[in-house]
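Peer 1: First the structure, which I've put down as structure tokens, then a few questions once you've had a look.
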Protein chains: 2
Amino acid sequence: MTTPAQGLHTHVLDTLGLEIAAGECAPGLVLRTDELAQRFDVSRTVVREVIRVLESMHLVESRRRVGVTVRPTEEWNVYDPQVIRWRLAGADRPRQLRSLTVLRSAIEPVAAGLAARNATAEQCAALTECALGMVATSRGQQLEGYLRHDIAFHRVVLDASGNEMFARLGDVVAEVLAGRTHHQVMFEDPDPAAVTLHVRLAEAVREGDAEGAERLTKEIAVGALHELDVLAP
Amino acid sequence: MTTPAQGLHTHVLDTLGLEIAAGECAPGLVLRTDELAQRFDVSRTVVREVIRVLESMHLVESRRRVGVTVRPTEEWNVYDPQVIRWRLAGADRPRQLRSLTVLRSAIEPVAAGLAARNATAEQCAALTECALGMVATSRGQQLEGYLRHDIAFHRVVLDASGNEMFARLGDVVAEVLAGRTHHQVMFEDPDPAAVTLHVRLAEAVREGDAEGAERLTKEIAVGALHELDVLAP
DNA sequence: AACCCATTACATACGACTTATTCAAGAGGC
DNA sequence: GCCTCTTGAATAAGTCGTATGTAATGGGTT
């Protein structure tokens, strides 16, 4: 475990956040600030700043006389990209991937519909380019390149929706796609049907076909969920 | 501006967060920790903890030698309930309400469909009770009571979906409904059609009619969006 | 059983030291 | 003479140790 040295604060925060998000600290467990200071060999000041951040994520609760208690999962700020990263790195990655994919299946079709209405010419061009990139990397074990284009594609769609709440889910989608690619069996090339759907989605957005874009995105989502069912029981 | 005394940290954080979220601090503006310490008459320690929290929300970026710079809106963690509260309290509440309502229109139909499949008997009962409460308070300027039941209703649906990402949007929905009720013209009683839709949605969930639940929720969302269009140009 | 007090662990504060970044001045090359 | 690269000083955040305040808990007393 080599410290990236990128700040004591960052190191302590990452370590603690990971442990809590992974469920290694049972809810209700109390941490003592000076214990943590000892454990990480940093001052209590640093620990307190870390605790404050974890508190703002609703991962822990700090109360006088009792210490820092780990909060139950249901209270966490699960939309915080940092929390998502920690959870995806932890033990229940499968469950996490599933709930995030369900979230995507709700958001992205609507976002695609809006994108079909609002996308600029540049965004349409970017979308087509991404789709072409996906096609070009869809065979021959070029999963990393495929992933890059896939992420860019969905990011453009979310951005083009014109809704900032959707746009800000780009990072989440990127994490999901990356997690899926890196964690599951990577022997096979991506599903050809999915590639086709992306190409057609780019077309639908370019033509301003909102219903078509929504329907195609739903199909992509269904495929992703199905893939999860097959590969992760 | 009387301090709630509920911790220096909380006061400084709320004040700064509100100012930034309201757009009073232009992106790129640099704050100095010493200045802030002076301004709020607290120690640098407190300021630094606040800055760390704001940093974790991606509202600001702290760099050595340069200071604490306010980040552009696109980089904020807009799903953080705290950030949402700050923004709803600020100047661009209308835009914020709209984008959150669009988000709801994407999430809640899917959540309702899942709820129809997964809801427990208790959740179905709670749903019916909420719907009844909405009916009972739908006339005679009882908007506060109506709001309470409305919030509870949607929270149960999101919880019953069984997806934690949906469930955690309960707070967001609560903020949106409350913001809508408290900010807009409150002379009129709620739309009778909306009340009916909620009652029928409770029925659909109880009967396990996923498609019906999804369709009814979409209708509710369309109504809410239409209401926004009419009342907020 | 109700009240009070001592203990405990976080909350706040302050000051000194460290480190990274930036800006500018100066040396060197073209 | 102008541009570039290097070097060093200034600056502001980062880190740390310590001291004091404060609220909640738990036990002891009446």
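Naming scheme: A, B, ... for chains in displayed order of the structure tokens; residues 1 onward per chain; ligands 1 onward as shown.
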Please identify every residue of chain B that has at least one atom no farther than 10 Å from an atom of chain D, counting only C-alpha atoms (C1' of nucleotides), and for each give the shortest atom pair and the distance in Å to one decimal, arranged by chain then increasing number, as JSON lines.

Peer 2:
```
{"residue": "B:Arg32", "atom": "CA", "partner": "D:DA12", "partner_atom": "C1'", "distance": 8.2}
{"residue": "B:Thr33", "atom": "CA", "partner": "D:DA13", "partner_atom": "C1'", "distance": 8.3}
{"residue": "B:Asp34", "atom": "CA", "partner": "D:DA12", "partner_atom": "C1'", "distance": 9.2}
{"residue": "B:Arg48", "atom": "CA", "partner": "D:DA13", "partner_atom": "C1'", "distance": 9.4}
{"residue": "B:Ser62", "atom": "CA", "partner": "D:DA13", "partner_atom": "C1'", "distance": 7.9}
{"residue": "B:Arg63", "atom": "CA", "partner": "D:DA13", "partner_atom": "C1'", "distance": 6.9}
{"residue": "B:Arg64", "atom": "CA", "partner": "D:DA13", "partner_atom": "C1'", "distance": 4.7}
{"residue": "B:Arg65", "atom": "CA", "partner": "D:DA12", "partner_atom": "C1'", "distance": 4.5}
{"residue": "B:Val66", "atom": "CA", "partner": "D:DA12", "partner_atom": "C1'", "distance": 6.7}
{"residue": "B:Gly67", "atom": "CA", "partner": "D:DA12", "partner_atom": "C1'", "distance": 6.7}
{"residue": "B:Val68", "atom": "CA", "partner": "D:DA13", "partner_atom": "C1'", "distance": 9.1}
```

Peer 1: Select all residues from chain B having any atom no more than 9 Å from an atom of chain A (counting only C-alpha atoms, ignoring ligands), output as a PyMOL selection string.

Peer 2: chain B and resi 45+48-50+52-57+74-82+99-100+102-103+105-111+163-168

Peer 1: Given only C-alpha atoms (C1' of nucleotides) as the basis, pick out the residue of C:DC30, C:DA20, C:DC5, C:DC10 nearest to chain B.

Peer 2: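 Comparing C:DC30, C:DA20, C:DC5, C:DC10 against chain B, the winner is C:DA20.
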
Peer 1: Set the cut-off to 10 Å and count only C-alpha atoms (C1' of nucleotides): what are the residues of chain C that reach chain A? Output as a list of chain:residue names.

Peer 2: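 Contact residues on the first chain: C:DT7, C:DT8, C:DA9, C:DC10, C:DA11.
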
Peer 1: Restrict the selected residues to C-alpha atoms (C1' of nucleotides) and save them as a CSV table (one decimal), in the first residue's frame.

Peer 2:
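Produced file part-v9.csv, reproduced below:
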```csv
chain,number,residue,atom,x,y,z
C,7,DT,C1',-15.1,11.9,33.3
C,8,DT,C1',-14.5,11.7,28.5
C,9,DA,C1',-13.9,12.8,23.8
C,10,DC,C1',-15.0,16.0,20.4
C,11,DA,C1',-14.9,21.4,19.3
```

Peer 1: Where does DSSP see strand (DSSP E or B) in stretch 17-102 of chain A, if you list the residues as a ChimeraX atom specification?

Peer 2: /A:30-31,60-63,67-70

Peer 1: I need the residues from that last selection saved to file as a PDB file, in the first residue's frame (with all heavy atoms), if you can.

Peer 2:
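And here's selection-v7.pdb as it stands now:
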```pdb
ATOM      1  N   VAL A  30     -17.793   2.692  16.506  1.00  0.00           N
ATOM      2  CA  VAL A  30     -17.270   4.003  16.860  1.00  0.00           C
ATOM      3  C   VAL A  30     -15.765   4.057  16.628  1.00  0.00           C
ATOM      4  O   VAL A  30     -15.042   3.129  16.976  1.00  0.00           O
ATOM      5  CB  VAL A  30     -17.572   4.345  18.338  1.00  0.00           C
ATOM      6  CG1 VAL A  30     -19.055   4.579  18.513  1.00  0.00           C
ATOM      7  CG2 VAL A  30     -17.083   3.274  19.261  1.00  0.00           C
ATOM      8  N   LEU A  31     -15.338   5.141  16.023  1.00  0.00           N
ATOM      9  CA  LEU A  31     -13.923   5.392  15.814  1.00  0.00           C
ATOM     10  C   LEU A  31     -13.520   6.553  16.721  1.00  0.00           C
ATOM     11  O   LEU A  31     -14.291   7.478  16.928  1.00  0.00           O
ATOM     12  CB  LEU A  31     -13.665   5.762  14.357  1.00  0.00           C
ATOM     13  CG  LEU A  31     -14.226   4.786  13.325  1.00  0.00           C
ATOM     14  CD1 LEU A  31     -14.207   5.395  11.937  1.00  0.00           C
ATOM     15  CD2 LEU A  31     -13.435   3.497  13.346  1.00  0.00           C
ATOM     16  N   VAL A  60     -20.391   8.969   8.218  1.00  0.00           N
ATOM     17  CA  VAL A  60     -20.205   8.862   9.667  1.00  0.00           C
ATOM     18  C   VAL A  60     -20.938  10.020  10.342  1.00  0.00           C
ATOM     19  O   VAL A  60     -21.373  10.962   9.697  1.00  0.00           O
ATOM     20  CB  VAL A  60     -18.716   8.925  10.056  1.00  0.00           C
ATOM     21  CG1 VAL A  60     -17.946   7.824   9.391  1.00  0.00           C
ATOM     22  CG2 VAL A  60     -18.147  10.287   9.729  1.00  0.00           C
ATOM     23  N   GLU A  61     -21.074   9.879  11.654  1.00  0.00           N
ATOM     24  CA  GLU A  61     -21.672  10.942  12.446  1.00  0.00           C
ATOM     25  C   GLU A  61     -20.771  11.165  13.648  1.00  0.00           C
ATOM     26  O   GLU A  61     -20.396  10.211  14.326  1.00  0.00           O
ATOM     27  CB  GLU A  61     -23.073  10.517  12.890  1.00  0.00           C
ATOM     28  CG  GLU A  61     -23.848  11.636  13.536  1.00  0.00           C
ATOM     29  CD  GLU A  61     -25.228  11.154  13.971  1.00  0.00           C
ATOM     30  OE1 GLU A  61     -25.510   9.944  13.839  1.00  0.00           O
ATOM     31  OE2 GLU A  61     -26.009  11.988  14.464  1.00  0.00           O
ATOM     32  N   SER A  62     -20.420  12.419  13.877  1.00  0.00           N
ATOM     33  CA  SER A  62     -19.515  12.721  14.976  1.00  0.00           C
ATOM     34  C   SER A  62     -20.296  13.347  16.132  1.00  0.00           C
ATOM     35  O   SER A  62     -20.935  14.370  15.961  1.00  0.00           O
ATOM     36  CB  SER A  62     -18.436  13.684  14.489  1.00  0.00           C
ATOM     37  OG  SER A  62     -17.621  14.089  15.551  1.00  0.00           O
ATOM     38  N   ARG A  63     -20.244  12.711  17.279  1.00  0.00           N
ATOM     39  CA  ARG A  63     -20.945  13.268  18.442  1.00  0.00           C
ATOM     40  C   ARG A  63     -20.000  13.319  19.619  1.00  0.00           C
ATOM     41  O   ARG A  63     -19.147  12.445  19.796  1.00  0.00           O
ATOM     42  CB  ARG A  63     -22.172  12.429  18.784  1.00  0.00           C
ATOM     43  CG  ARG A  63     -23.329  12.658  17.826  1.00  0.00           C
ATOM     44  CD  ARG A  63     -24.426  11.658  18.099  1.00  0.00           C
ATOM     45  NE  ARG A  63     -24.848  11.668  19.498  1.00  0.00           N
ATOM     46  CZ  ARG A  63     -25.439  10.652  20.091  1.00  0.00           C
ATOM     47  NH1 ARG A  63     -25.640   9.550  19.412  1.00  0.00           N
ATOM     48  NH2 ARG A  63     -25.814  10.742  21.349  1.00  0.00           N
ATOM     49  N   GLY A  67     -17.859   9.739  20.176  1.00  0.00           N
ATOM     50  CA  GLY A  67     -16.917   9.435  19.110  1.00  0.00           C
ATOM     51  C   GLY A  67     -17.545   9.529  17.739  1.00  0.00           C
ATOM     52  O   GLY A  67     -18.617  10.089  17.568  1.00  0.00           O
ATOM     53  N   VAL A  68     -16.872   8.976  16.769  1.00  0.00           N
ATOM     54  CA  VAL A  68     -17.329   9.025  15.384  1.00  0.00           C
ATOM     55  C   VAL A  68     -17.977   7.688  15.066  1.00  0.00           C
ATOM     56  O   VAL A  68     -17.301   6.661  15.018  1.00  0.00           O
ATOM     57  CB  VAL A  68     -16.147   9.287  14.437  1.00  0.00           C
ATOM     58  CG1 VAL A  68     -16.625   9.311  13.005  1.00  0.00           C
ATOM     59  CG2 VAL A  68     -15.458  10.587  14.806  1.00  0.00           C
ATOM     60  N   THR A  69     -19.278   7.688  14.841  1.00  0.00           N
ATOM     61  CA  THR A  69     -19.989   6.445  14.573  1.00  0.00           C
ATOM     62  C   THR A  69     -20.275   6.296  13.089  1.00  0.00           C
ATOM     63  O   THR A  69     -20.628   7.263  12.420  1.00  0.00           O
ATOM     64  CB  THR A  69     -21.321   6.391  15.339  1.00  0.00           C
ATOM     65  OG1 THR A  69     -22.177   7.406  14.818  1.00  0.00           O
ATOM     66  CG2 THR A  69     -21.114   6.654  16.817  1.00  0.00           C
ATOM     67  N   VAL A  70     -20.101   5.089  12.599  1.00  0.00           N
ATOM     68  CA  VAL A  70     -20.374   4.783  11.199  1.00  0.00           C
ATOM     69  C   VAL A  70     -21.879   4.704  10.996  1.00  0.00           C
ATOM     70  O   VAL A  70     -22.575   4.033  11.765  1.00  0.00           O
ATOM     71  CB  VAL A  70     -19.716   3.461  10.796  1.00  0.00           C
ATOM     72  CG1 VAL A  70     -20.022   3.135   9.348  1.00  0.00           C
ATOM     73  CG2 VAL A  70     -18.216   3.529  11.022  1.00  0.00           C
TER      74      VAL A  70
END
```

Peer 1: Which of these residues is nearest to B:Leu147, using only C-alpha atoms: B:Glu35, B:Asp189, B:Glu203, B:Asp159?

Peer 2: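 Looking only at the distances to B:Leu147, the closest residue turns out to be B:Asp189.
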
Peer 1: In Å, with one decimal, what is the gap from atom CA of B:Leu216 to atom CA of B:His198?

Peer 2: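 So the answer is 7.9 Å.
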